Amino acid sequence: MDQREEQEFAEYFEARRDAVRRTAYMLCGDWHRADDLAQTAFVALHRRWRKVRDRGALDAYVRRTVVRAMIDESRRPWRRERFVDQLPESAQPDGEVGDTVATRSALIDGLRQVPPRQRAVLVLRFLEGLDVAATAEALKCSEGTVKSQTARGLAALREALGDSLDDLRPAS
């Protein structure tokens, strides 16, 4: 790449780094893995920077790369979850926890229990604000698949949240 292209990439990276990292975190629920996923996406983008014709589609390309990397990573044997009979103690924060933090924590915990593909659809649809068509394009699947994965993902999220669901509803 020449100097101008490097500068363009650096500007894009600086502008979108935090948003891509947040999206990756919502997909995997772990900041360290989110950093890895974001890095994977930006490295892939850097490799293909010269070939990108539509600079307006960069966000979609990076988003799709993050989702694909997360799904690929979840398929690797060392990333598979292991079920145990007894859960370890979870750390209890000292003092008051704000409603926003508690809600976000409950949502992240619930999303961790949703299968990766359904989690990707939920994050793209409801947290990234994409419509069905844009989500289908980002995931390279049909709109019908997005709709069915959304329905299944919401059902899995509701089941995962269980009693926590009442805490997530806004007070009326």
# chains A, B, ... in the order shown; residues from 1 in each chain; ligands from 1
$ select_by_dssp --residues "region 8-154 of chain A" --states "alpha helix (DSSP H)" --output "PyMOL selection string"
chain A and resi 8-28+31-48+58-75+99-112+116-122+132-139+143-154
$ closest_atom_pairs --of "region 126-171 of chain A" --to "region 55-74 of chain A" --cutoff "10 Å" --atoms "only C-alpha atoms" --output "JSON lines"
{"residue": "A:Glu128", "atom": "CA", "partner": "A:Arg63", "partner_atom": "CA", "distance": 9.6}
{"residue": "A:Ala134", "atom": "CA", "partner": "A:Ala60", "partner_atom": "CA", "distance": 8.5}
{"residue": "A:Thr135", "atom": "CA", "partner": "A:Arg64", "partner_atom": "CA", "distance": 9.1}
{"residue": "A:Glu137", "atom": "CA", "partner": "A:Ala60", "partner_atom": "CA", "distance": 8.4}
{"residue": "A:Ala138", "atom": "CA", "partner": "A:Arg64", "partner_atom": "CA", "distance": 5.0}
{"residue": "A:Leu139", "atom": "CA", "partner": "A:Arg64", "partner_atom": "CA", "distance": 6.0}
{"residue": "A:Lys140", "atom": "CA", "partner": "A:Arg64", "partner_atom": "CA", "distance": 8.4}
$ write_last_selection --atoms "C-alpha atoms" --output "mmCIF file, in the first residue's frame"
data_model
loop_
_atom_site.group_PDB
_atom_site.id
_atom_site.type_symbol
_atom_site.label_atom_id
_atom_site.label_comp_id
_atom_site.auth_asym_id
_atom_site.auth_seq_id
_atom_site.Cartn_x
_atom_site.Cartn_y
_atom_site.Cartn_z
ATOM 1 C CA GLU A 128 -26.350 -2.707 15.792
ATOM 2 C CA ALA A 134 -28.799 -5.813 5.951
ATOM 3 C CA THR A 135 -28.370 -8.598 8.504
ATOM 4 C CA GLU A 137 -26.277 -9.482 3.647
ATOM 5 C CA ALA A 138 -23.802 -9.244 6.536
ATOM 6 C CA LEU A 139 -24.187 -12.939 7.343
ATOM 7 C CA LYS A 140 -24.420 -14.058 3.701
#
$ residues_around --residues "Lys147 (chain A)" --least-positions-apart "4" --cutoff "12 Å" --atoms "only C-alpha atoms" --output "PDB file with C-alpha atoms, in the first residue's frame"
ATOM      1  CA  GLN A 118     -28.437 -16.804  16.707  1.00  0.00           C
ATOM      2  CA  VAL A 121     -28.336 -12.249  14.382  1.00  0.00           C
ATOM      3  CA  LEU A 122     -29.585 -10.753  17.665  1.00  0.00           C
ATOM      4  CA  ARG A 125     -30.527  -6.771  14.476  1.00  0.00           C
ATOM      5  CA  ASP A 131     -32.768  -4.462   9.365  1.00  0.00           C
ATOM      6  CA  VAL A 132     -33.472  -7.992   8.143  1.00  0.00           C
ATOM      7  CA  ALA A 133     -32.029  -7.384   4.665  1.00  0.00           C
ATOM      8  CA  THR A 135     -28.370  -8.598   8.504  1.00  0.00           C
ATOM      9  CA  ALA A 136     -28.875 -11.220   5.789  1.00  0.00           C
ATOM     10  CA  CYS A 141     -27.705 -15.878   4.226  1.00  0.00           C
ATOM     11  CA  SER A 142     -31.331 -15.458   3.211  1.00  0.00           C
ATOM     12  CA  GLU A 143     -33.770 -13.090   4.885  1.00  0.00           C
ATOM     13  CA  ALA A 151     -37.133 -15.976  16.501  1.00  0.00           C
ATOM     14  CA  ARG A 152     -35.065 -18.884  17.805  1.00  0.00           C
ATOM     15  CA  GLY A 153     -32.458 -16.553  19.268  1.00  0.00           C
ATOM     16  CA  LEU A 154     -35.070 -14.480  21.109  1.00  0.00           C
TER      17      LEU A 154
END
$ closest_residue --among "A:Thr145, A:Ala155, A:Met26, A:Phe126" --to "Asp109 (chain A)" --atoms "only C-alpha atoms"
A:Met26
$ atom_distance --atom1 "CA of Val114 (chain A)" --atom2 "CA of Ala160 (chain A)"
7.6 Å
$ closest_residue --among "A:Leu27, A:Leu161, A:Ala44, A:Tyr12" --to "Pro115 (chain A)" --atoms "only C-alpha atoms"
A:Leu27
$ atom_distance --atom1 "CA of Val123 (chain A)" --atom2 "CA of Val146 (chain A)"
11.8 Å
$ decode --residues "region 19-81 of chain A" --atoms "C-alpha atoms" --output "short mmCIF file (atom, residue, chain, number, x, y, z; two decimals), in the first residue's frame"
data_model
loop_
_atom_site.label_atom_id
_atom_site.label_comp_id
_atom_site.auth_asym_id
_atom_site.auth_seq_id
_atom_site.Cartn_x
_atom_site.Cartn_y
_atom_site.Cartn_z
CA ALA A 19 -17.51 0.41 17.73
CA VAL A 20 -16.11 -2.79 16.22
CA ARG A 21 -14.72 -3.84 19.59
CA ARG A 22 -18.13 -3.26 21.26
CA THR A 23 -19.87 -5.30 18.59
CA ALA A 24 -17.38 -8.11 19.06
CA TYR A 25 -17.93 -7.97 22.82
CA MET A 26 -21.68 -8.23 22.39
CA LEU A 27 -21.11 -11.31 20.23
CA CYS A 28 -18.72 -13.15 22.52
CA GLY A 29 -19.17 -11.59 25.98
CA ASP A 30 -15.45 -11.40 26.71
CA TRP A 31 -13.34 -8.27 26.21
CA HIS A 32 -10.17 -10.25 25.49
CA ARG A 33 -11.85 -12.34 22.80
CA ALA A 34 -13.51 -9.17 21.50
CA ASP A 35 -10.08 -7.60 21.06
CA ASP A 36 -8.93 -10.69 19.15
CA LEU A 37 -12.02 -10.66 16.94
CA ALA A 38 -11.68 -6.94 16.21
CA GLN A 39 -8.00 -7.40 15.42
CA THR A 40 -8.80 -10.29 13.07
CA ALA A 41 -11.35 -8.13 11.26
CA PHE A 42 -9.02 -5.15 10.88
CA VAL A 43 -6.13 -7.34 9.71
CA ALA A 44 -8.40 -8.88 7.07
CA LEU A 45 -9.54 -5.42 6.01
CA HIS A 46 -5.95 -4.16 5.84
CA ARG A 47 -4.99 -7.06 3.56
CA ARG A 48 -7.85 -6.26 1.19
CA TRP A 49 -7.78 -2.45 1.48
CA ARG A 50 -6.61 -1.93 -2.11
CA LYS A 51 -9.34 -4.19 -3.47
CA VAL A 52 -12.19 -2.44 -1.66
CA ARG A 53 -14.12 -0.47 -4.26
CA ASP A 54 -17.01 0.80 -2.17
CA ARG A 55 -15.64 2.64 0.87
CA GLY A 56 -19.22 3.02 2.10
CA ALA A 57 -19.43 -0.74 2.61
CA LEU A 58 -16.43 -0.92 4.95
CA ASP A 59 -18.57 -1.17 8.09
CA ALA A 60 -20.56 -4.05 6.62
CA TYR A 61 -17.37 -5.86 5.59
CA VAL A 62 -15.77 -5.46 9.04
CA ARG A 63 -19.01 -6.45 10.79
CA ARG A 64 -19.33 -9.59 8.65
CA THR A 65 -15.67 -10.44 9.29
CA VAL A 66 -16.16 -10.12 13.06
CA VAL A 67 -19.23 -12.35 12.98
CA ARG A 68 -17.49 -14.96 10.82
CA ALA A 69 -14.42 -14.91 13.05
CA MET A 70 -16.60 -15.38 16.15
CA ILE A 71 -18.46 -18.31 14.59
CA ASP A 72 -15.20 -19.89 13.38
CA GLU A 73 -13.61 -19.41 16.79
CA SER A 74 -16.56 -21.04 18.55
CA ARG A 75 -16.10 -24.14 16.39
CA ARG A 76 -12.54 -24.69 17.51
CA PRO A 77 -12.17 -27.54 20.01
CA TRP A 78 -10.43 -25.51 22.70
CA ARG A 79 -13.24 -22.94 22.70
CA ARG A 80 -16.05 -25.38 23.37
CA GLU A 81 -17.86 -24.91 26.62
#
